[in-house]
Amino acid sequence: QVQLVESGGGFVQAGGSLKLSCVASGSIARGNVMGWYRQAPGKQRELVATITTSGSTNYAESVKGRFTISGDNGENTVFLQMNNLKPEDTAVYYCNYRRPGYGIYYWGKGTLVTVSS
């Protein structure tokens, strides 16, 4: 079992910044992939960014150049720095832990990000 706890969401005006954190605990395996997904009202959950334990990253086109994902393997923590936020970034952001090839994945409970115009 892996537990994920997100923090850092909130309310911000367009153009502002927020930093999300996700702390993983439990049976953390090497070779995992952690990341952030988001779900806006009335929409499906979508990928925001992922990072592997080796530091490889992947971003959705809509956030490239504005968001940066980073990780601290020693602390089992993943961060999402979000800059130049737009109203369309408003969503619940979920932390995800995945072990490729094993069909294992976990979700956090989510943290709400609201961006006003």
# chains A, B, ... in the order shown; residues from 1 in each chain; ligands from 1

call {"tool": "residues_around", "arguments": {"residues": "stretch 71-83 of chain A", "least_positions_apart": "4", "cutoff": "6 Å", "atoms": "only C-alpha atoms", "output": "ChimeraX atom specification"}}
result
/A:17-24,66-67

call {"tool": "write_last_selection", "arguments": {"atoms": "N, CA, C and O atoms", "output": "PDB file, in the first residue's frame"}}
result
ATOM      1  N   SER A  17       1.129  32.283  -8.985  1.00  0.00           N
ATOM      2  CA  SER A  17       1.839  31.011  -8.850  1.00  0.00           C
ATOM      3  C   SER A  17       1.374  30.250  -7.620  1.00  0.00           C
ATOM      4  O   SER A  17       0.935  30.845  -6.639  1.00  0.00           O
ATOM      5  N   LEU A  18       1.486  28.951  -7.700  1.00  0.00           N
ATOM      6  CA  LEU A  18       1.252  28.061  -6.565  1.00  0.00           C
ATOM      7  C   LEU A  18       2.225  26.901  -6.681  1.00  0.00           C
ATOM      8  O   LEU A  18       2.648  26.534  -7.783  1.00  0.00           O
ATOM      9  N   LYS A  19       2.538  26.300  -5.540  1.00  0.00           N
ATOM     10  CA  LYS A  19       3.380  25.108  -5.537  1.00  0.00           C
ATOM     11  C   LYS A  19       2.664  24.013  -4.776  1.00  0.00           C
ATOM     12  O   LYS A  19       2.330  24.175  -3.602  1.00  0.00           O
ATOM     13  N   LEU A  20       2.448  22.905  -5.463  1.00  0.00           N
ATOM     14  CA  LEU A  20       1.825  21.741  -4.847  1.00  0.00           C
ATOM     15  C   LEU A  20       2.885  20.760  -4.375  1.00  0.00           C
ATOM     16  O   LEU A  20       3.941  20.638  -4.994  1.00  0.00           O
ATOM     17  N   SER A  21       2.579  20.065  -3.294  1.00  0.00           N
ATOM     18  CA  SER A  21       3.469  19.028  -2.769  1.00  0.00           C
ATOM     19  C   SER A  21       2.682  17.742  -2.588  1.00  0.00           C
ATOM     20  O   SER A  21       1.491  17.775  -2.276  1.00  0.00           O
ATOM     21  N   CYS A  22       3.370  16.639  -2.757  1.00  0.00           N
ATOM     22  CA  CYS A  22       2.766  15.325  -2.533  1.00  0.00           C
ATOM     23  C   CYS A  22       3.786  14.452  -1.824  1.00  0.00           C
ATOM     24  O   CYS A  22       4.882  14.223  -2.348  1.00  0.00           O
ATOM     25  N   VAL A  23       3.411  13.989  -0.653  1.00  0.00           N
ATOM     26  CA  VAL A  23       4.283  13.108   0.124  1.00  0.00           C
ATOM     27  C   VAL A  23       3.756  11.685   0.038  1.00  0.00           C
ATOM     28  O   VAL A  23       2.577  11.439   0.327  1.00  0.00           O
ATOM     29  N   ALA A  24       4.623  10.777  -0.373  1.00  0.00           N
ATOM     30  CA  ALA A  24       4.257   9.372  -0.463  1.00  0.00           C
ATOM     31  C   ALA A  24       4.833   8.609   0.720  1.00  0.00           C
ATOM     32  O   ALA A  24       5.961   8.847   1.135  1.00  0.00           O
ATOM     33  N   ARG A  66       5.121  26.534 -18.238  1.00  0.00           N
ATOM     34  CA  ARG A  66       4.515  27.215 -17.087  1.00  0.00           C
ATOM     35  C   ARG A  66       4.645  26.388 -15.805  1.00  0.00           C
ATOM     36  O   ARG A  66       4.802  26.935 -14.718  1.00  0.00           O
ATOM     37  N   PHE A  67       4.537  25.076 -15.926  1.00  0.00           N
ATOM     38  CA  PHE A  67       4.596  24.186 -14.767  1.00  0.00           C
ATOM     39  C   PHE A  67       5.913  23.415 -14.771  1.00  0.00           C
ATOM     40  O   PHE A  67       6.425  23.059 -15.839  1.00  0.00           O
TER      41      PHE A  67
END

call {"tool": "residues_around", "arguments": {"residues": "stretch 88-104 of chain A", "least_positions_apart": "3", "cutoff": "6 Å", "atoms": "only C-alpha atoms", "output": "PyMOL selection string"}}
result
chain A and resi 32-40+107-108+110-115

call {"tool": "atom_distance", "arguments": {"atom1": "atom CA of A:Val12", "atom2": "atom CA of A:Thr52"}}
result
28.8 Å

call {"tool": "atom_distance", "arguments": {"atom1": "atom CA of A:Ser7", "atom2": "atom CA of A:Gln44"}}
result
21.5 Å

call {"tool": "residues_around", "arguments": {"residues": "A:Thr57", "least_positions_apart": "4", "cutoff": "9 Å", "atoms": "only C-alpha atoms", "output": "ChimeraX atom specification"}}
result
/A:49-52,69-70

call {"tool": "select_by_dssp", "arguments": {"residues": "chain A", "states": "strand (DSSP E or B)", "output": "ChimeraX atom specification"}}
result
/A:2-7,10-13,18-26,33-39,46-52,57-59,67-72,77-82,91-99,104-107,111-116

call {"tool": "atom_distance", "arguments": {"atom1": "atom CA of A:Val48", "atom2": "atom CA of A:Lys64"}}
result
9.2 Å
